[in-house]
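Student: Structure incoming, see below.
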Amino acid sequence: MTIKNVTVIGAGTMGNGIAHIFAQSGYSVTLVDVSREALDKAIITITNNLARQVKKATITEDDQKTTLARIKAETDLAASVRNADFVVEAATEKYDLKKQIFQTLDENAPEGVILATNTSSISVTELAATTKRATHVIGMHFFNPVPVMKLVEVIRGLATTDEVYSIVKALSENLGKTPVEVNDSPGFVSNRILMPMINEAIYCVMEGVAKSEDIDTVMKLGMSHPMGPLALADFIGLDVCLAIMNVLHEGLGDTKYRACPLLKKMVAAGRLGKKSGEGFYKY
């Protein structure tokens with residue numbers, strides 16, 4: 001299977017990072033979003049990130065220009081996939097939205113084209129079931145910042161074939177990433193382990209065990225984590241953390257995955273972390 005034209009759905013933080021690495025690896029990329037403003041912002045972000053790579057001498061100025069030339073922006077989802085060889089969905093982490101997108105992709109992408117989702121917690125099997133090509137739906141969970149982080153969780157839905165998995169594994173390696181095979185389960189591996197840790201750190205704040213800064217210092221210096229769990233929660237977005245905890249709680253049915261009341265209050269108050277200017281820290 002030859003993959004040349006890649007469509008990336010969603011121009012947010014993850015989407016523009018995914019578009020960046022595909023284009024830098026030689027693929028022609030169509031970046032899709034309903035908002036022209038979001039697309040313009042994404043191109044600026046990619047340009048700035050490439051400029052940093054030039055400054056660090058990891059790529060040349062010609063590489064930067066060539067990479068940008070491989071990316072085009074599009075607001076028409078259906079049109080964007082009619083000539084696609086591979087699709088990655090990186091829209092907002094909401095099941096109903098992703099379901100709608102996958103149904104549109106299924107109707108308009110050529111037969112045999114793989115539909116990948118960058119979801120961090122939603123069931124790949126459930127998304128696949130909304131299409132007529134469940135065998136060709138797979139999870140491709142990148143990590144933020146995408147151009148820097150090496151890991152890709154490759155999540156097999158119940159119907160995903162060995163051939164499709166092998167193609168996505170090889171594609172991930174071609175992007176310079178390290179793919180790890182994961183079977184479809186709430187939170188996969190990364191968030192099933194990470195989010196309860198973050199949630200427990202929030203309980204420590206709520207119960208007055210220690211201040212946010214001190215909790216993060218314990219985890220950085222005591223456990224060699226590069227970033228404390230509360231700073232990481234702010235970076236991810238507290239609304240995203242809450243959504244994933246809810247998926248874990250609902251999907252696994254264990255009270256240990258119950259979201260901390262303080263996390264719920266902070267999200268309700270609009271204190272979402274770095275993107276809102278305040279979470280456990282002020283920005």
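Ordered as shown in the structure tokens, chains take letters A, B, and onward, while each chain numbers its residues from 1 and ligands are numbered from 1 in the order shown.
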With a cut-off of 8 Å, could you pull out the residues of segment 117-190 of chain A touching segment 82-99 of chain A and give me the nearest pair of atoms for each, distance in Å to one decimal, using only C-alpha atoms, ordered by chain and ascending number, as JSON lines?

Tutor:
```
{"residue": "A:Thr117", "atom": "CA", "partner": "A:Glu89", "partner_atom": "CA", "distance": 4.7}
{"residue": "A:Asn118", "atom": "CA", "partner": "A:Ala90", "partner_atom": "CA", "distance": 5.1}
{"residue": "A:Thr119", "atom": "CA", "partner": "A:Glu93", "partner_atom": "CA", "distance": 6.6}
{"residue": "A:Ser120", "atom": "CA", "partner": "A:Glu93", "partner_atom": "CA", "distance": 7.7}
{"residue": "A:Ile122", "atom": "CA", "partner": "A:Tyr95", "partner_atom": "CA", "distance": 6.8}
{"residue": "A:Leu127", "atom": "CA", "partner": "A:Lys99", "partner_atom": "CA", "distance": 6.1}
{"residue": "A:Thr130", "atom": "CA", "partner": "A:Lys99", "partner_atom": "CA", "distance": 6.5}
{"residue": "A:Met140", "atom": "CA", "partner": "A:Val88", "partner_atom": "CA", "distance": 7.7}
```

Student: Fewer than 4 positions away in the same chain doesn't count, so skip those; otherwise give me all residues within 7 Å of Lys264 of chain A, counting only C-alpha atoms, as a PyMOL selection string.

Tutor: chain A and resi 242+260+268

Student: May I have the selected residues written with N, CA, C and O atoms, as a PDB file, in the first residue's frame?

Tutor:
```pdb
ATOM      1  N   LEU A 242     -10.603  15.597  33.080  1.00  0.00           N
ATOM      2  CA  LEU A 242     -11.907  15.191  33.606  1.00  0.00           C
ATOM      3  C   LEU A 242     -12.628  14.268  32.633  1.00  0.00           C
ATOM      4  O   LEU A 242     -13.207  13.247  33.039  1.00  0.00           O
ATOM      5  N   CYS A 260     -11.876  13.368  40.988  1.00  0.00           N
ATOM      6  CA  CYS A 260     -11.820  14.142  42.227  1.00  0.00           C
ATOM      7  C   CYS A 260     -12.815  15.306  42.171  1.00  0.00           C
ATOM      8  O   CYS A 260     -12.882  16.021  41.161  1.00  0.00           O
ATOM      9  N   ALA A 268     -15.723  23.346  36.165  1.00  0.00           N
ATOM     10  CA  ALA A 268     -16.975  24.105  36.174  1.00  0.00           C
ATOM     11  C   ALA A 268     -16.720  25.605  36.286  1.00  0.00           C
ATOM     12  O   ALA A 268     -17.456  26.422  35.726  1.00  0.00           O
TER      13      ALA A 268
END
```

Student: Using only C-alpha atoms, which of A:Ser35, A:Ser28, A:Asn246, A:Ser166 sits nearest Val180 of chain A?

Tutor: A:Ser166

Student: Leaving out Ile244 of chain A and any residue of its chain fewer than 2 positions from it, which residues lie within 12 Å of it when counting only C-alpha atoms, given as a PyMOL selection string?

Tutor: chain A and resi 93-95+119-123+186-188+190-196+198-199+233+236-242+246-252+257-259+263

Student: Work out how far atom CA of Lys274 of chain A is from atom CA of Glu213 of chain A, in Å to one decimal.

Tutor: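 If I compute the distance from atom CA of Glu213 of chain A to atom CA of Lys274 of chain A, I get 15.3 Å.
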
Student: Need to verify the contact set: Ile202 of chain A, 9 Å, only C-alpha atoms, exclusion of same-chain residues closer than 5 positions in sequence. Can you return it as a PyMOL selection string?

Tutor: chain A and resi 197+207+212+229-230+260-263

Student: In Å, with one decimal, what is the gap from atom CA of Glu107 of chain A to atom CA of Tyr165 of chain A?

Tutor: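 Interatomic distance, atom CA of Glu107 of chain A to atom CA of Tyr165 of chain A: 22.0 Å.
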
Student: Which residues, written as a list in words, have at least one atom at most 8 Å from Pro145 of chain A, with only C-alpha atoms counted and residues fewer than 2 positions away on the same chain left out?

Tutor: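 These residues fall inside the cut-off: Thr13, Met14, Gly17, Phe143, Pro147, Val148 and Met149 of chain A.
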